[in-house]
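**Q** Sharing a structure below in C-alpha cells format, with a few things to ask.
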Amino acid sequence: MPSAAPEVAHNALEAHERLLPHERLLIDQAIAKHGTRPGALLGILEDVQAANVHKFLSMETLRYIADATGLPPARIYSAATFFALFNLEPQGEHVVCVCRGTACHTRGSRDLLEKLCLDLGLSDREHDENSEADKLALTTADRRFTVRTVACFGQCALAPVVEVDHHILSHVNERTLQREVKTLTQGRK
C-alpha cells in the first residue's frame, strides 16, 4: 500500500508555491511572534487573518501554517473551523453581523436579516439554503459587504443587536440598519 507522505509533501509544496512571498513572510512573522507555547495556534491564525486584505484564511495558508509549525493539518483546520472568529472565505470590506439568539430573534432580528440581505442584493436562494441552521455568511458580488449571523453577542438586554464593523448597535430597527449601511456605502465611517 503506497504511503500518503509524498502526497502530503506535494500539497505542502503547492501551498508554498501558491502563496506570495509577502504572504509567507507575514505567516512566518506570526509564527515567530507566538512561538510554540500553548494556545499559540489561535494567535497565529488571528494575526494571519488580520493581515489578509479579505480577512480570511485560505486553504494554502492553513497548509503553510501546518508545514511551518509542524502541527498536523487537521489540527489547524479544526481550529480554523471551530472558532467563529475565523473565516475560510473572503470577507467583504464591511461586515454586518446579526444576532440570532433568542432575545434578538423574539425582537425581530430575522426580519432585520432578511431586509438587510434584500437591500444588499444577496439572493433569496443563497439565504434560503443557509437559513435552516440560521448560520449565514454571505458576501456581496462587489465584496463591499459580508452579512453574517452569530448565535449570541451576550447583549440580550439590548436586543435586537447588530454588529457593524466591530461596533455594536443596540435596539436596532430596519431604519437604523439601513442608515448604517447607507453611511458605509457612501464611504463614511
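Every chain in the C-alpha cells has a letter given in the order shown (A, B, ...), and although residue numbers restart at 1 in each chain, ligands are simply numbered from 1 in the order shown.
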Leaving out Leu62 in chain A and any residue of its chain fewer than 2 positions from it, which residues lie within 9 Å of it when counting only C-alpha atoms, given as a ChimeraX atom specification?

**A** /A:15,45,57-60,64-67,73,76-77,80

**Q** DSSP says helix (DSSP H, G or I) for which residues of range 5-168 of chain A? Put them as a ChimeraX atom specification?

**A** /A:5-18,21-34,40-51,59-69,73-82,102-106,109-119,124-131,156-158

**Q** Could you write out, as a VMD selection string, all the residues of chain A that DSSP marks as strand (DSSP E or B)?

**A** chain A and resid 94 to 99 137 to 139 145 to 150 162 to 164 167 to 169

**Q** Between CA of His166 in chain A and CA of Ile31 in chain A, what distance in Å does the model show, to one decimal?

**A** 25.5 Å
